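Asks: Have a look at this one.
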Amino acid sequence: MPDWSKQIRSLLVDIHLEAAREAEIVEELTQHLNDAYEDGLSNGLSLREAERAALAPLIDGTLTANLRSIITSAGPAFTPGKAQSRNLLAGVWQDLRFGTRLLRLSPIFAVIAILSLALGIGANTAIFQLLDAVRLRSLPVKDPEELVDIRIVDNPYGRTGDFVSSSPQLTNAIWEQLRDRQQAFSGVAAWSLGRLNLREGGEAQYADVLWVSGGFFETLGVRPILGRLISAVDDVRGCASRGAVISYSFWQVRFGGDTSVLGRKLILEGHPLEIIGVSPASFFGVEVGRKFDVALPLCVDPIISGDTPRLNNPASWWLASIARLKPSWTAERASVHLAAISPGIFDTTLPPDYDPVDRQHYLGFKLGTTSAVAGVSALRRGYETPLWLLMGISALVLLIACANLANLMMARASARQHEMAVRVALGASRSRLIRQVLAESLLLAVAGSVCGALLAQGLSRFLVAFLSTQSTTLFINLRPEWRVLTFTGGMAILT
Amino acid sequence: MKKGSAELLILSLIEHRPRHGYEIGKLIETRSAGVLRFNVASLYPLLYRLEQRGLIKGQWVEKPAQRRRRFYQLTAQGRKMLKHQQGVWREFVNAMELITGAENA
């Protein structure tokens, strides 16, 4: 008996039948040809003729064509896991779910991977958050881009006298001259920071005081949420009104947000001052990193300082000045204007007890402007470069964390070669496999960034506490804002 | 041949007892006195299609001293289809007869 199965199989090979189904058909058709062959022999055909007669119907290819029409009419061939080219994202959800299951199966790997990412991202985010607060964020006032900071510029000699506060740029005498002579600004204001005792006896309790000139709040465009803010009428020599403005947080903490606080007395260094208004919650002053509890007009200084009034001392540097440019004026043009009026200002305000050298230097001083869009900050001067450096280092740490993670993933990938082979055998395309692996990485990255963002909140608070000292409490607004979140998201995707 | 008539032939041949493919082919040939002939290339695709449509069911049967063969039998659905087609076919033949007989008479 000839072996028909090989010929039959060769006819079926193009149809791509399931192996079991193909074997079944081969067996059945072989049986049929056997019967036909035997019939042929019993009808008197020779061996050769009987074989040819049995095979004859197979030669013209109709079997293949007929079978194929049946197979295709049964619907499209099912190939498990085959990505449909039309819908690129089909099954992403499955990928993610599968990834989650895999991670749950190897919790140690998952925890290590997520933790190392979280540390890297967390450190980066924390430092970026500080940088953002200290460097990048604008002052929470009206049109901050119009604000400039006025100070003595191009001074190779240094100044002589008493230096008080964190931004000692001007004396009161210079400030008054500047205010009266300038024409470049629609508003100009002076301010200083200090601390005063709130208690009359017993243990001292200090309030952070923001000293302001009459035009301060008006220049910045800050509006009160209760009562009124300090204006030009409060800041006159002699200080008849003795009004004080308290900050929102001080109002909440000390007075419980009581609206009847207006008109009540606040005792500072034993001197009663009347509360005339509350400043809005977003306003922390103009020095980034510091907050204030009470804002007082400059004219109160002689009353409180007693023996050492800074207001009348022409050698006491304790004020800083912030000004709003007139429309169409640029900071450069304002600088030129200030330079032009400087000789007059310094001539008039020359401290009488300076020695000849100091006198010569003082008369050569020149005023100029720098942008104050983001406020002024001793903190920024001191910490900006280190913060950027720290940022660089932590970025490096994140990079190392990523490299480590990549190694871990590689090790896992080689352990999963078997799984991948099975997937390919089941019909998974190359891109499908890559997508699967990417989905797993994405899961890790997202989990890592979420943990990192949480960690960053704690870390940046710790950093702030670390930078604060007893005499100057740091106040940095660490709201997790969109800029920080975008940054974290970017990090996650990069990772 | 009328469309669907080959199916009717197969369904009626296995109406009363299961038969295997070669037997079905042989029966069609002998009963039609050699007028109708199915070969391996046309018969089996037909059987598979009927099976796919759920009209017949193939089953491997092993008998003593014989190689196992695949026997086909009618399903309930196939039986219903057979009755329906027989009716249609009878109407068709009657109609043909009425027309051709009337002309000849």
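Starting from 1 in every chain, residues are counted up; chains themselves are A, B, ... following the order of the structure tokens, and ligands are numbered from 1 as listed.
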Could you please write out, as a list of chain:residue names, every residue of region 11-185 of chain A that DSSP assigns to strand (DSSP E)?

Replies: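 Reading the DSSP output for region 11-185 of chain A, strand (DSSP E) covers A:Leu147, A:Val148, A:Asp149, A:Ile150, A:Arg151, A:Ile152, A:Val153, A:Asp162, A:Phe163, A:Phe185.
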
Asks: Could you save the residues just selected, with N, CA, C and O atoms, as a PDB file, in the first residue's frame?

Replies:
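Okay, this is what ended up in out.pdb:
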```pdb
ATOM      1  N   LEU A 147       8.197  95.858  39.123  1.00  0.00           N
ATOM      2  CA  LEU A 147       8.870  96.238  40.360  1.00  0.00           C
ATOM      3  C   LEU A 147      10.390  96.191  40.201  1.00  0.00           C
ATOM      4  O   LEU A 147      10.932  95.292  39.570  1.00  0.00           O
ATOM      5  N   VAL A 148      11.053  97.182  40.764  1.00  0.00           N
ATOM      6  CA  VAL A 148      12.526  97.162  40.800  1.00  0.00           C
ATOM      7  C   VAL A 148      12.976  97.424  42.227  1.00  0.00           C
ATOM      8  O   VAL A 148      12.269  98.011  43.034  1.00  0.00           O
ATOM      9  N   ASP A 149      14.184  96.974  42.498  1.00  0.00           N
ATOM     10  CA  ASP A 149      14.806  97.128  43.790  1.00  0.00           C
ATOM     11  C   ASP A 149      15.850  98.239  43.638  1.00  0.00           C
ATOM     12  O   ASP A 149      16.641  98.209  42.699  1.00  0.00           O
ATOM     13  N   ILE A 150      15.814  99.247  44.522  1.00  0.00           N
ATOM     14  CA  ILE A 150      16.764 100.360  44.374  1.00  0.00           C
ATOM     15  C   ILE A 150      17.864 100.220  45.421  1.00  0.00           C
ATOM     16  O   ILE A 150      17.574 100.022  46.609  1.00  0.00           O
ATOM     17  N   ARG A 151      19.106 100.282  44.975  1.00  0.00           N
ATOM     18  CA  ARG A 151      20.219 100.182  45.917  1.00  0.00           C
ATOM     19  C   ARG A 151      21.431 100.912  45.352  1.00  0.00           C
ATOM     20  O   ARG A 151      21.391 101.376  44.213  1.00  0.00           O
ATOM     21  N   ILE A 152      22.473 101.018  46.187  1.00  0.00           N
ATOM     22  CA  ILE A 152      23.706 101.654  45.723  1.00  0.00           C
ATOM     23  C   ILE A 152      24.453 100.651  44.859  1.00  0.00           C
ATOM     24  O   ILE A 152      24.669  99.508  45.273  1.00  0.00           O
ATOM     25  N   VAL A 153      24.769 101.068  43.639  1.00  0.00           N
ATOM     26  CA  VAL A 153      25.413 100.134  42.709  1.00  0.00           C
ATOM     27  C   VAL A 153      26.839 100.580  42.408  1.00  0.00           C
ATOM     28  O   VAL A 153      27.201 101.736  42.659  1.00  0.00           O
ATOM     29  N   ASP A 162      25.979 101.881  60.898  1.00  0.00           N
ATOM     30  CA  ASP A 162      25.327 100.718  61.520  1.00  0.00           C
ATOM     31  C   ASP A 162      24.490 100.006  60.466  1.00  0.00           C
ATOM     32  O   ASP A 162      23.734 100.638  59.735  1.00  0.00           O
ATOM     33  N   PHE A 163      24.642  98.708  60.452  1.00  0.00           N
ATOM     34  CA  PHE A 163      23.852  97.941  59.486  1.00  0.00           C
ATOM     35  C   PHE A 163      22.843  97.089  60.234  1.00  0.00           C
ATOM     36  O   PHE A 163      23.207  96.258  61.049  1.00  0.00           O
ATOM     37  N   PHE A 185       9.438 106.620  38.815  1.00  0.00           N
ATOM     38  CA  PHE A 185       8.549 105.590  39.350  1.00  0.00           C
ATOM     39  C   PHE A 185       7.173 106.136  39.675  1.00  0.00           C
ATOM     40  O   PHE A 185       7.034 107.263  40.137  1.00  0.00           O
TER      41      PHE A 185
END
```

Asks: Show which residues sit within 12 Å of Ala23 (chain A), as a CSV table (one decimal) with all heavy atoms, in the first residue's frame. Count only C-alpha atoms, and ignore same-chain residues fewer than 2 positions away.

Replies:
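Result written to part.csv:
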```csv
chain,number,residue,atom,x,y,z
A,5,SER,N,0.0,9.8,2.9
A,5,SER,CA,-0.1,10.9,3.9
A,5,SER,C,0.8,12.0,3.5
A,5,SER,O,0.4,13.2,3.7
A,5,SER,CB,0.2,10.4,5.3
A,5,SER,OG,1.5,9.9,5.3
A,6,LYS,N,2.0,11.7,2.9
A,6,LYS,CA,2.9,12.8,2.6
A,6,LYS,C,2.3,13.7,1.6
A,6,LYS,O,2.4,14.9,1.7
A,6,LYS,CB,4.2,12.2,2.1
A,6,LYS,CG,5.4,13.0,2.5
A,6,LYS,CD,6.7,12.4,2.1
A,6,LYS,CE,7.2,11.4,3.2
A,6,LYS,NZ,8.4,10.7,2.9
A,8,ILE,N,-0.8,14.1,0.8
A,8,ILE,CA,-2.0,14.9,1.4
A,8,ILE,C,-1.5,16.1,2.2
A,8,ILE,O,-2.0,17.2,2.1
A,8,ILE,CB,-2.9,14.0,2.2
A,8,ILE,CG1,-3.4,12.9,1.3
A,8,ILE,CG2,-4.0,14.8,2.8
A,8,ILE,CD1,-4.1,11.8,2.0
A,9,ARG,N,-0.5,15.8,3.1
A,9,ARG,CA,0.0,16.8,3.9
A,9,ARG,C,0.6,18.0,3.1
A,9,ARG,O,0.4,19.2,3.5
A,9,ARG,CB,1.2,16.2,4.8
A,9,ARG,CG,1.2,16.8,6.2
A,9,ARG,CD,2.3,16.1,7.0
A,9,ARG,NE,1.8,14.8,7.4
A,9,ARG,CZ,1.2,14.5,8.5
A,9,ARG,NH1,1.0,15.4,9.3
A,9,ARG,NH2,0.8,13.3,8.8
A,12,LEU,N,-2.0,20.3,2.2
A,12,LEU,CA,-2.7,21.1,3.3
A,12,LEU,C,-1.8,22.2,3.8
A,12,LEU,O,-2.3,23.0,4.6
A,12,LEU,CB,-3.1,20.1,4.4
A,12,LEU,CG,-4.1,19.0,4.0
A,12,LEU,CD1,-4.4,18.2,5.3
A,12,LEU,CD2,-5.4,19.7,3.5
A,13,VAL,N,-0.5,22.1,3.5
A,13,VAL,CA,0.5,22.9,4.2
A,13,VAL,C,0.2,24.4,4.1
A,13,VAL,O,0.4,25.2,5.0
A,13,VAL,CB,1.9,22.6,3.8
A,13,VAL,CG1,2.2,23.2,2.4
A,13,VAL,CG2,2.9,23.0,4.8
A,16,HIS,N,-2.6,26.2,6.6
A,16,HIS,CA,-2.2,26.6,8.0
A,16,HIS,C,-3.3,26.1,8.9
A,16,HIS,O,-3.9,26.9,9.6
A,16,HIS,CB,-2.0,28.1,8.2
A,16,HIS,CG,-0.9,28.6,7.3
A,16,HIS,ND1,0.4,28.1,7.4
A,16,HIS,CD2,-0.9,29.5,6.3
A,16,HIS,CE1,1.2,28.7,6.5
A,16,HIS,NE2,0.4,29.5,5.8
A,17,LEU,N,-3.6,24.8,8.9
A,17,LEU,CA,-4.6,24.3,9.8
A,17,LEU,C,-4.0,24.1,11.2
A,17,LEU,O,-2.8,24.0,11.3
A,17,LEU,CB,-5.2,23.0,9.3
A,17,LEU,CG,-6.0,23.0,8.1
A,17,LEU,CD1,-6.2,21.7,7.5
A,17,LEU,CD2,-7.4,23.6,8.5
A,18,GLU,N,-4.9,24.0,12.2
A,18,GLU,CA,-4.4,23.6,13.5
A,18,GLU,C,-3.8,22.2,13.4
A,18,GLU,O,-4.3,21.4,12.6
A,18,GLU,CB,-5.6,23.5,14.4
A,18,GLU,CG,-5.6,24.4,15.6
A,18,GLU,CD,-6.9,24.2,16.3
A,18,GLU,OE1,-7.9,25.0,16.0
A,18,GLU,OE2,-7.0,23.4,17.3
A,19,ALA,N,-2.8,21.9,14.1
A,19,ALA,CA,-2.1,20.6,14.0
A,19,ALA,C,-3.0,19.4,14.1
A,19,ALA,O,-3.0,18.5,13.3
A,19,ALA,CB,-0.9,20.6,15.0
A,20,ALA,N,-3.8,19.5,15.2
A,20,ALA,CA,-4.7,18.3,15.4
A,20,ALA,C,-5.7,18.1,14.3
A,20,ALA,O,-5.9,17.0,13.8
A,20,ALA,CB,-5.4,18.5,16.8
A,21,ARG,N,-6.2,19.2,13.8
A,21,ARG,CA,-7.2,19.2,12.8
A,21,ARG,C,-6.6,18.6,11.5
A,21,ARG,O,-7.2,17.8,10.8
A,21,ARG,CB,-7.8,20.6,12.5
A,21,ARG,CG,-8.8,20.7,11.5
A,21,ARG,CD,-10.1,20.1,11.9
A,21,ARG,NE,-11.2,20.4,11.0
A,21,ARG,CZ,-12.0,19.4,10.6
A,21,ARG,NH1,-11.9,18.2,11.0
A,21,ARG,NH2,-13.0,19.7,9.7
A,25,ILE,N,-7.6,15.3,9.3
A,25,ILE,CA,-7.9,15.3,7.9
A,25,ILE,C,-7.0,14.4,7.1
A,25,ILE,O,-7.5,13.6,6.2
A,25,ILE,CB,-7.9,16.7,7.3
A,25,ILE,CG1,-9.0,17.6,7.9
A,25,ILE,CG2,-8.0,16.7,5.8
A,25,ILE,CD1,-8.9,19.0,7.5
A,26,VAL,N,-5.7,14.4,7.4
A,26,VAL,CA,-4.8,13.5,6.7
A,26,VAL,C,-5.2,12.1,6.9
A,26,VAL,O,-5.2,11.3,5.9
A,26,VAL,CB,-3.3,13.8,7.2
A,26,VAL,CG1,-2.4,12.7,6.7
A,26,VAL,CG2,-2.8,15.1,6.8
A,27,GLU,N,-5.5,11.7,8.1
A,27,GLU,CA,-5.9,10.3,8.4
A,27,GLU,C,-7.1,9.9,7.6
A,27,GLU,O,-7.2,8.8,7.0
A,27,GLU,CB,-6.1,10.1,9.9
A,27,GLU,CG,-6.4,8.6,10.2
A,27,GLU,CD,-6.5,8.4,11.7
A,27,GLU,OE1,-6.2,9.3,12.5
A,27,GLU,OE2,-6.9,7.3,12.1
A,28,GLU,N,-8.1,10.8,7.6
A,28,GLU,CA,-9.4,10.5,7.0
A,28,GLU,C,-9.2,10.3,5.4
A,28,GLU,O,-9.7,9.4,4.8
A,28,GLU,CB,-10.4,11.6,7.3
A,28,GLU,CG,-11.8,11.2,6.8
A,28,GLU,CD,-12.9,12.2,7.3
A,28,GLU,OE1,-12.5,13.3,7.7
A,28,GLU,OE2,-14.1,11.9,7.3
A,29,LEU,N,-8.5,11.3,4.8
A,29,LEU,CA,-8.2,11.2,3.4
A,29,LEU,C,-7.4,10.0,3.0
A,29,LEU,O,-7.6,9.3,2.0
A,29,LEU,CB,-7.6,12.5,2.9
A,29,LEU,CG,-8.5,13.8,3.1
A,29,LEU,CD1,-7.9,14.9,2.3
A,29,LEU,CD2,-9.9,13.5,2.7
A,30,THR,N,-6.4,9.7,3.9
A,30,THR,CA,-5.6,8.5,3.6
A,30,THR,C,-6.4,7.2,3.6
A,30,THR,O,-6.3,6.4,2.6
A,30,THR,CB,-4.5,8.3,4.7
A,30,THR,OG1,-3.8,9.5,4.8
A,30,THR,CG2,-3.6,7.2,4.5
```

Asks: Within 10 Å of chain B, which residues of chain A show up when using only C-alpha atoms, listed as a ChimeraX atom specification?

Replies: /A:24-25,27-36,54-71,73-74

Asks: I need the chosen residues saved as a tab-separated table (two decimals), in the first residue's frame, with N, CA and C atoms.

Replies:
```tsv
chain	number	residue	atom	x	y	z
A	24	GLU	N	-6.10	14.92	11.63
A	24	GLU	CA	-7.38	14.26	11.47
A	24	GLU	C	-7.73	14.13	9.98
A	25	ILE	N	-7.59	15.29	9.28
A	25	ILE	CA	-7.94	15.29	7.86
A	25	ILE	C	-7.03	14.35	7.08
A	27	GLU	N	-5.53	11.71	8.11
A	27	GLU	CA	-5.89	10.31	8.38
A	27	GLU	C	-7.14	9.90	7.60
A	28	GLU	N	-8.13	10.81	7.60
A	28	GLU	CA	-9.39	10.48	6.95
A	28	GLU	C	-9.20	10.32	5.44
A	29	LEU	N	-8.45	11.25	4.84
A	29	LEU	CA	-8.25	11.18	3.39
A	29	LEU	C	-7.38	9.99	3.01
A	30	THR	N	-6.39	9.67	3.85
A	30	THR	CA	-5.57	8.49	3.61
A	30	THR	C	-6.45	7.23	3.55
A	31	GLN	N	-7.35	7.17	4.52
A	31	GLN	CA	-8.29	6.06	4.58
A	31	GLN	C	-9.07	5.93	3.28
A	32	HIS	N	-9.54	7.11	2.82
A	32	HIS	CA	-10.33	7.16	1.60
A	32	HIS	C	-9.53	6.64	0.40
A	33	LEU	N	-8.25	7.12	0.29
A	33	LEU	CA	-7.42	6.70	-0.83
A	33	LEU	C	-7.11	5.21	-0.76
A	34	ASN	N	-6.93	4.72	0.48
A	34	ASN	CA	-6.72	3.28	0.66
A	34	ASN	C	-7.89	2.51	0.07
A	35	ASP	N	-9.09	2.95	0.45
A	35	ASP	CA	-10.30	2.28	-0.04
A	35	ASP	C	-10.36	2.31	-1.56
A	36	ALA	N	-10.08	3.52	-2.11
A	36	ALA	CA	-10.16	3.66	-3.57
A	36	ALA	C	-9.13	2.75	-4.25
A	54	ALA	N	-6.33	6.45	-7.81
A	54	ALA	CA	-6.66	6.96	-6.47
A	54	ALA	C	-6.18	8.40	-6.32
A	55	LEU	N	-5.00	8.68	-6.87
A	55	LEU	CA	-4.41	10.02	-6.68
A	55	LEU	C	-4.96	11.07	-7.64
A	56	ALA	N	-5.59	10.60	-8.72
A	56	ALA	CA	-6.02	11.52	-9.78
A	56	ALA	C	-6.79	12.75	-9.28
A	57	PRO	N	-7.78	12.57	-8.38
A	57	PRO	CA	-8.55	13.75	-7.96
A	57	PRO	C	-7.72	14.78	-7.18
A	58	LEU	N	-6.54	14.36	-6.72
A	58	LEU	CA	-5.76	15.29	-5.89
A	58	LEU	C	-4.88	16.21	-6.72
A	59	ILE	N	-4.67	15.85	-8.00
A	59	ILE	CA	-3.64	16.53	-8.78
A	59	ILE	C	-4.01	17.98	-9.11
A	60	ASP	N	-5.29	18.25	-9.38
A	60	ASP	CA	-5.63	19.58	-9.91
A	60	ASP	C	-5.75	20.68	-8.85
A	61	GLY	N	-5.55	20.36	-7.58
A	61	GLY	CA	-5.53	21.42	-6.56
A	61	GLY	C	-6.89	21.83	-6.06
A	62	THR	N	-7.98	21.17	-6.53
A	62	THR	CA	-9.30	21.58	-6.05
A	62	THR	C	-9.48	21.31	-4.57
A	63	LEU	N	-8.83	20.27	-4.06
A	63	LEU	CA	-8.97	19.97	-2.63
A	63	LEU	C	-8.51	21.16	-1.80
A	64	THR	N	-7.30	21.65	-2.13
A	64	THR	CA	-6.78	22.79	-1.38
A	64	THR	C	-7.73	23.97	-1.46
A	65	ALA	N	-8.19	24.26	-2.69
A	65	ALA	CA	-9.06	25.42	-2.88
A	65	ALA	C	-10.36	25.26	-2.09
A	66	ASN	N	-10.97	24.07	-2.19
A	66	ASN	CA	-12.24	23.84	-1.48
A	66	ASN	C	-12.07	23.94	0.03
A	67	LEU	N	-10.99	23.31	0.52
A	67	LEU	CA	-10.77	23.36	1.97
A	67	LEU	C	-10.54	24.79	2.44
A	68	ARG	N	-9.77	25.52	1.64
A	68	ARG	CA	-9.47	26.90	2.05
A	68	ARG	C	-10.75	27.73	2.13
A	69	SER	N	-11.65	27.50	1.17
A	69	SER	CA	-12.89	28.29	1.19
A	69	SER	C	-13.66	28.01	2.47
A	70	ILE	N	-13.56	26.79	2.97
A	70	ILE	CA	-14.25	26.47	4.22
A	70	ILE	C	-13.57	27.14	5.40
A	71	ILE	N	-12.23	27.03	5.41
A	71	ILE	CA	-11.49	27.61	6.54
A	71	ILE	C	-11.75	29.11	6.63
A	73	SER	N	-14.25	30.78	5.39
A	73	SER	CA	-15.63	31.12	5.71
A	73	SER	C	-15.91	30.93	7.18
A	74	ALA	N	-15.01	30.24	7.87
A	74	ALA	CA	-15.19	30.06	9.32
A	74	ALA	C	-14.81	31.31	10.10
```

Asks: For the structure I just gave you, how does DSSP split region 30-93 of chain B - specifically, which residues are helix (DSSP H, G or I)? Reply as a ChimeraX atom specification.

Replies: /B:30-31,40-52,76-93

Asks: Could the residues in this selection be saved with N, CA and C atoms as a compact mmCIF listing (two decimals), in the first residue's frame?

Replies:
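In the end it all went to selection21.txt:
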```
# COMPACT_ATOMS: atom_id res chain seq x y z
N THR B 30 -23.00 4.60 -7.06
CA THR B 30 -23.74 3.41 -7.47
C THR B 30 -25.22 3.68 -7.60
N ARG B 31 -25.80 4.42 -6.62
CA ARG B 31 -27.24 4.64 -6.68
C ARG B 31 -27.65 5.52 -7.86
N VAL B 40 -12.44 12.56 -3.81
CA VAL B 40 -11.90 12.96 -2.51
C VAL B 40 -11.79 14.49 -2.40
N ALA B 41 -11.53 15.16 -3.54
CA ALA B 41 -11.32 16.60 -3.49
C ALA B 41 -12.61 17.39 -3.33
N SER B 42 -13.74 16.78 -3.73
CA SER B 42 -15.00 17.53 -3.61
C SER B 42 -15.84 17.05 -2.43
N LEU B 43 -15.73 15.77 -2.10
CA LEU B 43 -16.59 15.21 -1.05
C LEU B 43 -16.23 15.73 0.34
N TYR B 44 -14.95 15.64 0.65
CA TYR B 44 -14.59 15.96 2.04
C TYR B 44 -14.78 17.43 2.41
N PRO B 45 -14.37 18.36 1.52
CA PRO B 45 -14.69 19.76 1.85
C PRO B 45 -16.17 19.97 2.13
N LEU B 46 -17.02 19.25 1.36
CA LEU B 46 -18.46 19.35 1.57
C LEU B 46 -18.86 18.84 2.95
N LEU B 47 -18.30 17.67 3.30
CA LEU B 47 -18.59 17.09 4.61
C LEU B 47 -18.15 18.05 5.73
N TYR B 48 -16.95 18.62 5.55
CA TYR B 48 -16.45 19.51 6.61
C TYR B 48 -17.33 20.75 6.75
N ARG B 49 -17.84 21.22 5.60
CA ARG B 49 -18.68 22.42 5.66
C ARG B 49 -19.99 22.10 6.38
N LEU B 50 -20.55 20.94 6.06
CA LEU B 50 -21.79 20.54 6.74
C LEU B 50 -21.56 20.39 8.24
N GLU B 51 -20.39 19.84 8.57
CA GLU B 51 -20.07 19.64 9.98
C GLU B 51 -19.93 21.00 10.68
N GLN B 52 -19.28 21.93 9.95
CA GLN B 52 -19.07 23.26 10.51
C GLN B 52 -20.40 23.97 10.77
N ALA B 76 -29.58 17.00 15.21
CA ALA B 76 -31.00 17.39 15.23
C ALA B 76 -31.25 18.50 14.23
N GLN B 77 -30.29 19.42 14.18
CA GLN B 77 -30.41 20.54 13.26
C GLN B 77 -30.37 20.04 11.81
N GLY B 78 -29.49 19.03 11.56
CA GLY B 78 -29.37 18.46 10.22
C GLY B 78 -30.66 17.77 9.80
N ARG B 79 -31.27 17.10 10.77
CA ARG B 79 -32.52 16.40 10.46
C ARG B 79 -33.59 17.40 10.04
N LYS B 80 -33.66 18.53 10.78
CA LYS B 80 -34.64 19.56 10.44
C LYS B 80 -34.38 20.09 9.03
N MET B 81 -33.11 20.36 8.74
CA MET B 81 -32.71 20.89 7.45
C MET B 81 -33.06 19.90 6.33
N LEU B 82 -32.83 18.59 6.61
CA LEU B 82 -33.11 17.56 5.61
C LEU B 82 -34.60 17.55 5.26
N LYS B 83 -35.45 17.58 6.28
CA LYS B 83 -36.90 17.60 6.04
C LYS B 83 -37.29 18.80 5.18
N HIS B 84 -36.76 19.96 5.54
CA HIS B 84 -37.06 21.18 4.82
C HIS B 84 -36.63 21.05 3.36
N GLN B 85 -35.39 20.59 3.16
CA GLN B 85 -34.86 20.51 1.79
C GLN B 85 -35.60 19.47 0.95
N GLN B 86 -35.97 18.38 1.63
CA GLN B 86 -36.75 17.37 0.89
C GLN B 86 -38.05 17.97 0.36
N GLY B 87 -38.68 18.78 1.23
CA GLY B 87 -39.93 19.43 0.82
C GLY B 87 -39.69 20.34 -0.37
N VAL B 88 -38.65 21.18 -0.26
CA VAL B 88 -38.33 22.12 -1.34
C VAL B 88 -38.06 21.36 -2.62
N TRP B 89 -37.26 20.27 -2.48
CA TRP B 89 -36.86 19.50 -3.64
C TRP B 89 -38.07 18.85 -4.32
N ARG B 90 -39.00 18.33 -3.49
CA ARG B 90 -40.18 17.68 -4.05
C ARG B 90 -41.00 18.69 -4.85
N GLU B 91 -41.18 19.89 -4.27
CA GLU B 91 -41.91 20.94 -4.98
C GLU B 91 -41.26 21.24 -6.32
N PHE B 92 -39.90 21.34 -6.28
CA PHE B 92 -39.16 21.67 -7.49
C PHE B 92 -39.37 20.59 -8.58
N VAL B 93 -39.24 19.33 -8.14
CA VAL B 93 -39.40 18.23 -9.10
C VAL B 93 -40.82 18.23 -9.66
```

Asks: Region 338-349 of chain A: which residues within 7 Å, counting only C-alpha atoms, same-chain residues fewer than 6 positions away excluded, as a ChimeraX atom specification?

Replies: /A:173-174,177-178,314,362-363,366-368

Asks: Restricting it to C-alpha atoms, dump the selection as a PDB file, in the first residue's frame.

Replies:
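Dumped to result.pdb:
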```pdb
ATOM      1  CA  ALA A 173      17.840 110.254  54.948  1.00  0.00           C
ATOM      2  CA  ILE A 174      18.712 108.827  51.543  1.00  0.00           C
ATOM      3  CA  GLN A 177      15.613 112.345  49.384  1.00  0.00           C
ATOM      4  CA  LEU A 178      15.053 109.563  46.869  1.00  0.00           C
ATOM      5  CA  PRO A 314      22.209 109.397  58.793  1.00  0.00           C
ATOM      6  CA  TYR A 362      29.982 108.516  50.217  1.00  0.00           C
ATOM      7  CA  LEU A 363      29.809 111.400  47.795  1.00  0.00           C
ATOM      8  CA  LYS A 366      25.368 106.037  42.825  1.00  0.00           C
ATOM      9  CA  LEU A 367      21.873 104.591  42.982  1.00  0.00           C
ATOM     10  CA  GLY A 368      20.625 102.005  40.494  1.00  0.00           C
TER      11      GLY A 368
END
```

Asks: In Å, rounded to a single decimal, give me how far CA of Glu287 (chain A) is from CA of Asn172 (chain A).

Replies: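 So the answer is 19.0 Å.
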
Asks: Give me the residues near Leu9 (chain B) as a tab-separated table (two decimals) with C-alpha atoms, in the first residue's frame, where near means some atom within 8 Å (using only C-alpha atoms) and where sequence neighbours in that chain fewer than 4 positions away do not count.

Replies:
```tsv
chain	number	residue	atom	x	y	z
B	5	SER	CA	-28.54	19.36	-3.97
B	13	LEU	CA	-27.72	9.08	2.79
B	28	ILE	CA	-23.87	8.27	-4.53
```

Asks: Quick one: residues within 12 Å of Val357 (chain A), only C-alpha atoms counted, chain neighbours fewer than 4 positions away excluded, as a count of residues only?

Replies: 9

Asks: Leaving out Val261 (chain A) and any residue of its chain fewer than 5 positions from it, which residues lie within 10 Å of it when counting only C-alpha atoms, given as a count of residues only?

Replies: 11

Asks: Extract, using only C-alpha atoms, all DNA, RNA and protein residues at most 6 Å from Ala401 (chain A), discarding same-chain residues fewer than 3 positions from it, and format them as a VMD selection string.

Replies: chain A and resid 116 398 404

Asks: Restricting it to C-alpha atoms, dump the selection as a PDB file, in the first residue's frame.

Replies:
```pdb
ATOM      1  CA  SER A 116      15.226  53.740  44.607  1.00  0.00           C
ATOM      2  CA  LEU A 398      18.576  59.921  40.128  1.00  0.00           C
ATOM      3  CA  ASN A 404      20.691  50.553  38.774  1.00  0.00           C
TER       4      ASN A 404
END
```
